[in-house]
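Asks: Please find entry-v9.pdb (PDB, C-alpha atoms, pLDDT in the B column) on the next line:
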ATOM      1  CA  MET A 171      92.536  95.449 117.504  1.00 81.00           C
ATOM      2  CA  PRO A 172      90.481  97.798 115.362  1.00 89.00           C
ATOM      3  CA  SER A 173      88.141  96.854 112.568  1.00 94.00           C
ATOM      4  CA  ARG A 174      87.905  98.740 109.288  1.00 95.00           C
ATOM      5  CA  ASP A 175      84.964  99.217 106.988  1.00 96.00           C
ATOM      6  CA  ALA A 176      83.997 100.219 103.499  1.00 97.00           C
ATOM      7  CA  THR A 177      80.630 100.661 101.835  1.00 98.00           C
ATOM      8  CA  THR A 178      79.509 100.170  98.246  1.00 98.00           C
ATOM      9  CA  HIS A 179      76.455 101.889  96.777  1.00 98.00           C
ATOM     10  CA  TRP A 180      75.204 100.185  93.586  1.00 98.00           C
ATOM     11  CA  GLU A 181      72.599 101.272  91.046  1.00 98.00           C
ATOM     12  CA  GLY A 182      71.251  99.224  88.132  1.00 98.00           C
ATOM     13  CA  GLY A 183      71.791  95.718  86.871  1.00 97.00           C
ATOM     14  CA  LEU A 184      75.013  93.750  86.605  1.00 95.00           C
ATOM     15  CA  GLN A 185      75.969  94.729  83.043  1.00 94.00           C
ATOM     16  CA  ASP A 186      74.547  98.267  82.946  1.00 96.00           C
ATOM     17  CA  GLY A 187      74.904  99.227  86.595  1.00 97.00           C
ATOM     18  CA  LYS A 188      77.632 101.023  88.447  1.00 97.00           C
ATOM     19  CA  GLY A 189      78.729 101.574  91.982  1.00 97.00           C
ATOM     20  CA  THR A 190      80.925 103.596  94.272  1.00 97.00           C
ATOM     21  CA  VAL A 191      83.140 102.076  96.961  1.00 97.00           C
ATOM     22  CA  THR A 192      83.758 104.389  99.923  1.00 97.00           C
ATOM     23  CA  PHE A 193      86.561 103.807 102.414  1.00 96.00           C
ATOM     24  CA  ASP A 194      84.570 104.685 105.517  1.00 96.00           C
ATOM     25  CA  SER A 195      87.156 104.089 108.257  1.00 96.00           C
ATOM     26  CA  SER A 196      89.941 106.171 106.768  1.00 96.00           C
ATOM     27  CA  ASN A 197      87.860 108.525 104.669  1.00 95.00           C
ATOM     28  CA  ALA A 198      90.609 108.006 102.067  1.00 95.00           C
ATOM     29  CA  GLY A 199      88.260 108.322  99.138  1.00 95.00           C
ATOM     30  CA  GLN A 200      85.578 106.966  96.884  1.00 97.00           C
ATOM     31  CA  PHE A 201      86.215 104.724  93.901  1.00 96.00           C
ATOM     32  CA  ASP A 202      83.961 103.850  90.981  1.00 97.00           C
ATOM     33  CA  VAL A 203      83.281 100.209  90.097  1.00 97.00           C
ATOM     34  CA  SER A 204      81.297  98.413  87.401  1.00 96.00           C
ATOM     35  CA  PHE A 205      81.123  94.866  86.135  1.00 95.00           C
ATOM     36  CA  PRO A 206      82.198  95.652  82.540  1.00 94.00           C
ATOM     37  CA  THR A 207      85.349  97.398  83.791  1.00 95.00           C
ATOM     38  CA  ARG A 208      85.931  94.586  86.304  1.00 95.00           C
ATOM     39  CA  THR A 209      86.124  92.023  83.529  1.00 91.00           C
ATOM     40  CA  GLY A 210      87.580  94.241  80.796  1.00 91.00           C
ATOM     41  CA  ASN A 211      89.417  97.539  80.439  1.00 92.00           C
ATOM     42  CA  PRO A 212      89.633  99.245  83.882  1.00 93.00           C
ATOM     43  CA  ASP A 213      89.051 102.666  82.284  1.00 91.00           C
ATOM     44  CA  GLY A 214      90.021 104.492  85.469  1.00 93.00           C
ATOM     45  CA  GLN A 215      87.854 102.351  87.744  1.00 95.00           C
ATOM     46  CA  THR A 216      88.910  99.914  90.414  1.00 96.00           C
ATOM     47  CA  SER A 217      87.616  96.389  91.058  1.00 96.00           C
ATOM     48  CA  PRO A 218      87.303  94.003  93.978  1.00 96.00           C
ATOM     49  CA  GLU A 219      90.388  92.204  92.650  1.00 97.00           C
ATOM     50  CA  GLU A 220      92.461  95.400  92.577  1.00 97.00           C
ATOM     51  CA  LEU A 221      91.316  96.227  96.104  1.00 97.00           C
ATOM     52  CA  ILE A 222      92.364  92.739  97.237  1.00 98.00           C
ATOM     53  CA  ALA A 223      95.722  93.216  95.484  1.00 98.00           C
ATOM     54  CA  ALA A 224      96.212  96.510  97.336  1.00 98.00           C
ATOM     55  CA  ALA A 225      95.311  94.904 100.651  1.00 98.00           C
ATOM     56  CA  HIS A 226      97.587  91.927 100.039  1.00 98.00           C
ATOM     57  CA  SER A 227     100.622  93.885  98.860  1.00 98.00           C
ATOM     58  CA  SER A 228     100.443  96.414 101.708  1.00 98.00           C
ATOM     59  CA  CYS A 229      99.827  93.750 104.355  1.00 98.00           C
ATOM     60  CA  LEU A 230     102.701  91.619 103.102  1.00 98.00           C
ATOM     61  CA  ALA A 231     105.085  94.600 103.003  1.00 98.00           C
ATOM     62  CA  MET A 232     104.248  95.366 106.642  1.00 98.00           C
ATOM     63  CA  ASN A 233     104.454  91.725 107.681  1.00 98.00           C
ATOM     64  CA  LEU A 234     107.786  91.176 105.923  1.00 98.00           C
ATOM     65  CA  SER A 235     109.143  94.264 107.654  1.00 98.00           C
ATOM     66  CA  GLY A 236     108.136  92.700 110.983  1.00 98.00           C
ATOM     67  CA  VAL A 237     109.602  89.290 110.107  1.00 98.00           C
ATOM     68  CA  LEU A 238     112.861  90.962 109.096  1.00 98.00           C
ATOM     69  CA  GLY A 239     112.874  92.992 112.317  1.00 97.00           C
ATOM     70  CA  ALA A 240     112.437  89.836 114.406  1.00 97.00           C
ATOM     71  CA  ALA A 241     115.548  88.477 112.640  1.00 96.00           C
ATOM     72  CA  GLY A 242     117.462  91.657 113.478  1.00 96.00           C
ATOM     73  CA  LEU A 243     117.248  93.023 109.928  1.00 96.00           C
ATOM     74  CA  THR A 244     115.863  96.188 108.370  1.00 96.00           C
ATOM     75  CA  ALA A 245     115.215  96.550 104.655  1.00 97.00           C
ATOM     76  CA  GLU A 246     116.430  99.651 102.882  1.00 97.00           C
ATOM     77  CA  GLY A 247     113.467  99.152 100.594  1.00 97.00           C
ATOM     78  CA  LEU A 248     110.653  96.687  99.910  1.00 98.00           C
ATOM     79  CA  ASP A 249     108.546  96.682  96.754  1.00 98.00           C
ATOM     80  CA  VAL A 250     105.647  94.258  96.939  1.00 98.00           C
ATOM     81  CA  SER A 251     103.079  93.706  94.207  1.00 98.00           C
ATOM     82  CA  ALA A 252     100.133  91.344  94.056  1.00 98.00           C
ATOM     83  CA  GLU A 253      98.390  90.308  90.852  1.00 98.00           C
ATOM     84  CA  VAL A 254      94.900  88.959  91.523  1.00 98.00           C
ATOM     85  CA  THR A 255      93.339  86.964  88.688  1.00 97.00           C
ATOM     86  CA  LEU A 256      89.589  86.603  88.174  1.00 95.00           C
ATOM     87  CA  GLY A 257      88.471  83.621  86.142  1.00 94.00           C
ATOM     88  CA  PRO A 258      85.559  81.298  85.564  1.00 94.00           C
ATOM     89  CA  ASP A 259      84.546  79.068  88.451  1.00 94.00           C
ATOM     90  CA  PRO A 260      83.850  75.457  87.401  1.00 93.00           C
ATOM     91  CA  ALA A 261      80.929  75.519  89.850  1.00 94.00           C
ATOM     92  CA  GLY A 262      79.484  78.544  88.041  1.00 95.00           C
ATOM     93  CA  GLY A 263      80.115  82.255  87.993  1.00 93.00           C
ATOM     94  CA  PHE A 264      83.566  83.623  88.727  1.00 94.00           C
ATOM     95  CA  ALA A 265      86.334  82.996  91.237  1.00 95.00           C
ATOM     96  CA  ILE A 266      89.651  84.478  92.187  1.00 96.00           C
ATOM     97  CA  THR A 267      91.817  81.819  90.586  1.00 95.00           C
ATOM     98  CA  SER A 268      95.267  82.947  91.718  1.00 97.00           C
ATOM     99  CA  ILE A 269      97.321  85.627  93.391  1.00 98.00           C
ATOM    100  CA  ALA A 270     100.913  86.138  92.258  1.00 98.00           C
ATOM    101  CA  VAL A 271     102.954  88.072  94.800  1.00 98.00           C
ATOM    102  CA  THR A 272     106.296  89.595  93.827  1.00 98.00           C
ATOM    103  CA  VAL A 273     108.719  90.993  96.389  1.00 98.00           C
ATOM    104  CA  ASN A 274     111.873  92.917  95.529  1.00 98.00           C
ATOM    105  CA  ALA A 275     113.941  93.930  98.526  1.00 98.00           C
ATOM    106  CA  LYS A 276     117.132  95.799  99.204  1.00 98.00           C
ATOM    107  CA  ILE A 277     118.737  94.326 102.299  1.00 97.00           C
ATOM    108  CA  PRO A 278     122.534  94.600 102.224  1.00 92.00           C
ATOM    109  CA  GLY A 279     124.386  91.596 103.615  1.00 90.00           C
ATOM    110  CA  LEU A 280     121.460  89.153 103.491  1.00 95.00           C
ATOM    111  CA  ASP A 281     121.941  86.024 101.411  1.00 94.00           C
ATOM    112  CA  PRO A 282     119.205  85.062  98.918  1.00 96.00           C
ATOM    113  CA  GLU A 283     118.389  81.722 100.588  1.00 96.00           C
ATOM    114  CA  LYS A 284     117.740  83.309 103.986  1.00 97.00           C
ATOM    115  CA  PHE A 285     115.724  86.077 102.330  1.00 98.00           C
ATOM    116  CA  ALA A 286     113.561  83.500 100.502  1.00 97.00           C
ATOM    117  CA  GLU A 287     112.904  81.757 103.826  1.00 98.00           C
ATOM    118  CA  LEU A 288     111.947  85.011 105.576  1.00 98.00           C
ATOM    119  CA  ALA A 289     109.754  86.118 102.656  1.00 98.00           C
ATOM    120  CA  LYS A 290     107.908  82.781 102.700  1.00 98.00           C
ATOM    121  CA  THR A 291     107.345  83.108 106.441  1.00 98.00           C
ATOM    122  CA  ALA A 292     105.974  86.605 105.887  1.00 98.00           C
ATOM    123  CA  LYS A 293     103.638  85.373 103.132  1.00 98.00           C
ATOM    124  CA  ASP A 294     102.405  82.456 105.210  1.00 98.00           C
ATOM    125  CA  THR A 295     101.784  84.569 108.326  1.00 98.00           C
ATOM    126  CA  CYS A 296     100.351  87.660 106.604  1.00 98.00           C
ATOM    127  CA  PRO A 297      96.753  88.176 107.827  1.00 97.00           C
ATOM    128  CA  VAL A 298      95.529  88.843 104.276  1.00 98.00           C
ATOM    129  CA  SER A 299      97.259  85.685 102.974  1.00 98.00           C
ATOM    130  CA  LYS A 300      95.520  83.741 105.733  1.00 98.00           C
ATOM    131  CA  ALA A 301      92.158  85.232 104.741  1.00 97.00           C
ATOM    132  CA  LEU A 302      92.719  84.236 101.106  1.00 97.00           C
ATOM    133  CA  THR A 303      93.605  80.565 101.643  1.00 94.00           C
ATOM    134  CA  GLY A 304      90.852  79.525  99.224  1.00 91.00           C
ATOM    135  CA  THR A 305      93.051  80.437  96.267  1.00 95.00           C
ATOM    136  CA  THR A 306      96.563  79.659  95.082  1.00 96.00           C
ATOM    137  CA  ILE A 307      99.091  82.261  96.251  1.00 98.00           C
ATOM    138  CA  THR A 308     102.530  82.171  94.671  1.00 98.00           C
ATOM    139  CA  LEU A 309     105.589  84.103  95.809  1.00 98.00           C
ATOM    140  CA  ASP A 310     108.508  85.385  93.769  1.00 98.00           C
ATOM    141  CA  ALA A 311     110.964  87.023  96.181  1.00 98.00           C
ATOM    142  CA  SER A 312     114.307  88.443  95.199  1.00 97.00           C
ATOM    143  CA  LEU A 313     116.987  90.752  96.484  1.00 97.00           C
ATOM    144  CA  VAL A 314     117.951  93.721  94.341  1.00 93.00           C
TER     145      VAL A 314
END
Would you write out, as structure tokens, the structure that this file holds?
Replies:
Amino acid sequence: MPSRDATTHWEGGLQDGKGTVTFDSSNAGQFDVSFPTRTGNPDGQTSPEELIAAAHSSCLAMNLSGVLGAAGLTAEGLDVSAEVTLGPDPAGGFAITSIAVTVNAKIPGLDPEKFAELAKTAKDTCPVSKALTGTTITLDASLV
């Protein structure tokens, strides 16, 4: 399986510095980051937490599609969002304190209980979920 990489170039201190994250593998773009925008108003910049949210939501959408396929089902549509929360760490500094995942799916003929079971399986077996086991990940899955 392939690996992927990104690079961040940083200049300055924590509060007055700034950086640029480059998606090296895909060449999909460069994104500005800074600590003040990480902990306050994003002001058009991304953050490590937003990048984790993007990774988690896209991974879970793919994984759920695979779990559904293994059950002989195909979604007409999946909308997956992940809200990553940064908060104080009791040991000092900051920590990702929670990730709230929301899944809305259109799958005609599937009952809500079976969908909840399949969505939980997808969350639990998603590679990004596995990588983030150090935080609380909640799942709100519903059919639309």
Asks: Which neighbours of stretch 260-277 of chain A fall inside 10 Å, counting all atoms listed in the file, when residues of the same chain fewer than 3 positions from it are skipped, and could you give them as a PyMOL selection string?
Replies: chain A and resi 218-219+222-223+226-227+230-231+234+238+243-257+280-282+285-286+289+293+299+302+304-314
Asks: I would like the residues chosen by the PyMOL selection byres ((chain A and resi 191) around 8) on the shown file; could you give them as a ChimeraX atom specification?
Replies: /A:176-179,189-190,192-193,200-203
Asks: State, in Å with one decimal place, the distance from atom CA of A:Pro258 to atom CA of A:Trp180.
Replies: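 We find that atom CA of A:Pro258 and atom CA of A:Trp180 lie 23.0 Å from each other.
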Asks: For A:Ser204, find every residue with an atom within 10 Å (counting all atoms listed in the file), except residues of its own chain fewer than 6 positions away, and show them as a list of chain:residue names.
Replies: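 Returned residues: A:Trp180, A:Glu181, A:Gly183, A:Leu184, A:Gln185, A:Asp186, A:Gly187, A:Lys188, A:Gly189, A:Thr190, A:Pro212, A:Gln215, A:Thr216, A:Ser217, A:Pro218.
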Asks: May I ask which of the residues A:Thr209, A:Lys284, A:Pro297, A:Lys290 is the closest one to A:Met232, counting all atoms listed in the file?
Replies: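 When distances to A:Met232 are compared using all atoms listed in the file, the smallest one comes from A:Pro297.
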Asks: Please rebuild stretch 276-299 of chain A with N, CA and C atoms and return the result as a PDB file, in the coordinates of the input.
Replies:
ATOM      1  N   LYS A 276     115.732  95.396  99.084  1.00 98.00           N
ATOM      2  CA  LYS A 276     117.132  95.799  99.204  1.00 98.00           C
ATOM      3  C   LYS A 276     117.507  95.660 100.674  1.00 98.00           C
ATOM      4  N   ILE A 277     118.299  94.623 100.936  1.00 97.00           N
ATOM      5  CA  ILE A 277     118.737  94.326 102.299  1.00 97.00           C
ATOM      6  C   ILE A 277     120.212  93.938 102.219  1.00 97.00           C
ATOM      7  N   PRO A 278     121.103  94.895 102.340  1.00 92.00           N
ATOM      8  CA  PRO A 278     122.534  94.600 102.224  1.00 92.00           C
ATOM      9  C   PRO A 278     122.981  93.531 103.238  1.00 92.00           C
ATOM     10  N   GLY A 279     123.797  92.616 102.750  1.00 90.00           N
ATOM     11  CA  GLY A 279     124.386  91.596 103.615  1.00 90.00           C
ATOM     12  C   GLY A 279     123.531  90.360 103.828  1.00 90.00           C
ATOM     13  N   LEU A 280     122.328  90.322 103.313  1.00 95.00           N
ATOM     14  CA  LEU A 280     121.460  89.153 103.491  1.00 95.00           C
ATOM     15  C   LEU A 280     121.601  88.238 102.287  1.00 95.00           C
ATOM     16  N   ASP A 281     121.799  86.947 102.540  1.00 94.00           N
ATOM     17  CA  ASP A 281     121.941  86.024 101.411  1.00 94.00           C
ATOM     18  C   ASP A 281     120.561  85.645 100.867  1.00 94.00           C
ATOM     19  N   PRO A 282     120.490  85.331  99.577  1.00 96.00           N
ATOM     20  CA  PRO A 282     119.205  85.062  98.918  1.00 96.00           C
ATOM     21  C   PRO A 282     118.414  83.911  99.538  1.00 96.00           C
ATOM     22  N   GLU A 283     119.094  82.863 100.008  1.00 96.00           N
ATOM     23  CA  GLU A 283     118.389  81.722 100.588  1.00 96.00           C
ATOM     24  C   GLU A 283     117.680  82.118 101.876  1.00 96.00           C
ATOM     25  N   LYS A 284     118.356  82.856 102.732  1.00 97.00           N
ATOM     26  CA  LYS A 284     117.740  83.309 103.986  1.00 97.00           C
ATOM     27  C   LYS A 284     116.605  84.276 103.685  1.00 97.00           C
ATOM     28  N   PHE A 285     116.789  85.154 102.694  1.00 98.00           N
ATOM     29  CA  PHE A 285     115.724  86.077 102.330  1.00 98.00           C
ATOM     30  C   PHE A 285     114.494  85.314 101.843  1.00 98.00           C
ATOM     31  N   ALA A 286     114.685  84.295 101.006  1.00 97.00           N
ATOM     32  CA  ALA A 286     113.561  83.500 100.502  1.00 97.00           C
ATOM     33  C   ALA A 286     112.797  82.858 101.659  1.00 97.00           C
ATOM     34  N   GLU A 287     113.526  82.375 102.649  1.00 98.00           N
ATOM     35  CA  GLU A 287     112.904  81.757 103.826  1.00 98.00           C
ATOM     36  C   GLU A 287     112.076  82.792 104.607  1.00 98.00           C
ATOM     37  N   LEU A 288     112.649  83.964 104.841  1.00 98.00           N
ATOM     38  CA  LEU A 288     111.947  85.011 105.576  1.00 98.00           C
ATOM     39  C   LEU A 288     110.732  85.522 104.799  1.00 98.00           C
ATOM     40  N   ALA A 289     110.871  85.657 103.484  1.00 98.00           N
ATOM     41  CA  ALA A 289     109.754  86.118 102.656  1.00 98.00           C
ATOM     42  C   ALA A 289     108.608  85.101 102.671  1.00 98.00           C
ATOM     43  N   LYS A 290     108.941  83.816 102.637  1.00 98.00           N
ATOM     44  CA  LYS A 290     107.908  82.781 102.700  1.00 98.00           C
ATOM     45  C   LYS A 290     107.201  82.815 104.049  1.00 98.00           C
ATOM     46  N   THR A 291     107.956  82.990 105.113  1.00 98.00           N
ATOM     47  CA  THR A 291     107.345  83.108 106.441  1.00 98.00           C
ATOM     48  C   THR A 291     106.392  84.298 106.475  1.00 98.00           C
ATOM     49  N   ALA A 292     106.824  85.417 105.912  1.00 98.00           N
ATOM     50  CA  ALA A 292     105.974  86.605 105.887  1.00 98.00           C
ATOM     51  C   ALA A 292     104.695  86.354 105.082  1.00 98.00           C
ATOM     52  N   LYS A 293     104.825  85.682 103.946  1.00 98.00           N
ATOM     53  CA  LYS A 293     103.638  85.373 103.132  1.00 98.00           C
ATOM     54  C   LYS A 293     102.687  84.464 103.897  1.00 98.00           C
ATOM     55  N   ASP A 294     103.234  83.440 104.521  1.00 98.00           N
ATOM     56  CA  ASP A 294     102.405  82.456 105.210  1.00 98.00           C
ATOM     57  C   ASP A 294     101.738  83.005 106.462  1.00 98.00           C
ATOM     58  N   THR A 295     102.336  84.021 107.088  1.00 98.00           N
ATOM     59  CA  THR A 295     101.784  84.569 108.326  1.00 98.00           C
ATOM     60  C   THR A 295     101.077  85.908 108.129  1.00 98.00           C
ATOM     61  N   CYS A 296     101.046  86.409 106.917  1.00 98.00           N
ATOM     62  CA  CYS A 296     100.351  87.660 106.604  1.00 98.00           C
ATOM     63  C   CYS A 296      98.846  87.462 106.825  1.00 98.00           C
ATOM     64  N   PRO A 297      98.189  88.337 107.597  1.00 97.00           N
ATOM     65  CA  PRO A 297      96.753  88.176 107.827  1.00 97.00           C
ATOM     66  C   PRO A 297      95.921  88.120 106.539  1.00 97.00           C
ATOM     67  N   VAL A 298      96.288  88.882 105.524  1.00 98.00           N
ATOM     68  CA  VAL A 298      95.529  88.843 104.276  1.00 98.00           C
ATOM     69  C   VAL A 298      95.769  87.519 103.554  1.00 98.00           C
ATOM     70  N   SER A 299      97.000  87.011 103.558  1.00 98.00           N
ATOM     71  CA  SER A 299      97.259  85.685 102.974  1.00 98.00           C
ATOM     72  C   SER A 299      96.403  84.629 103.659  1.00 98.00           C
TER      73      SER A 299
END
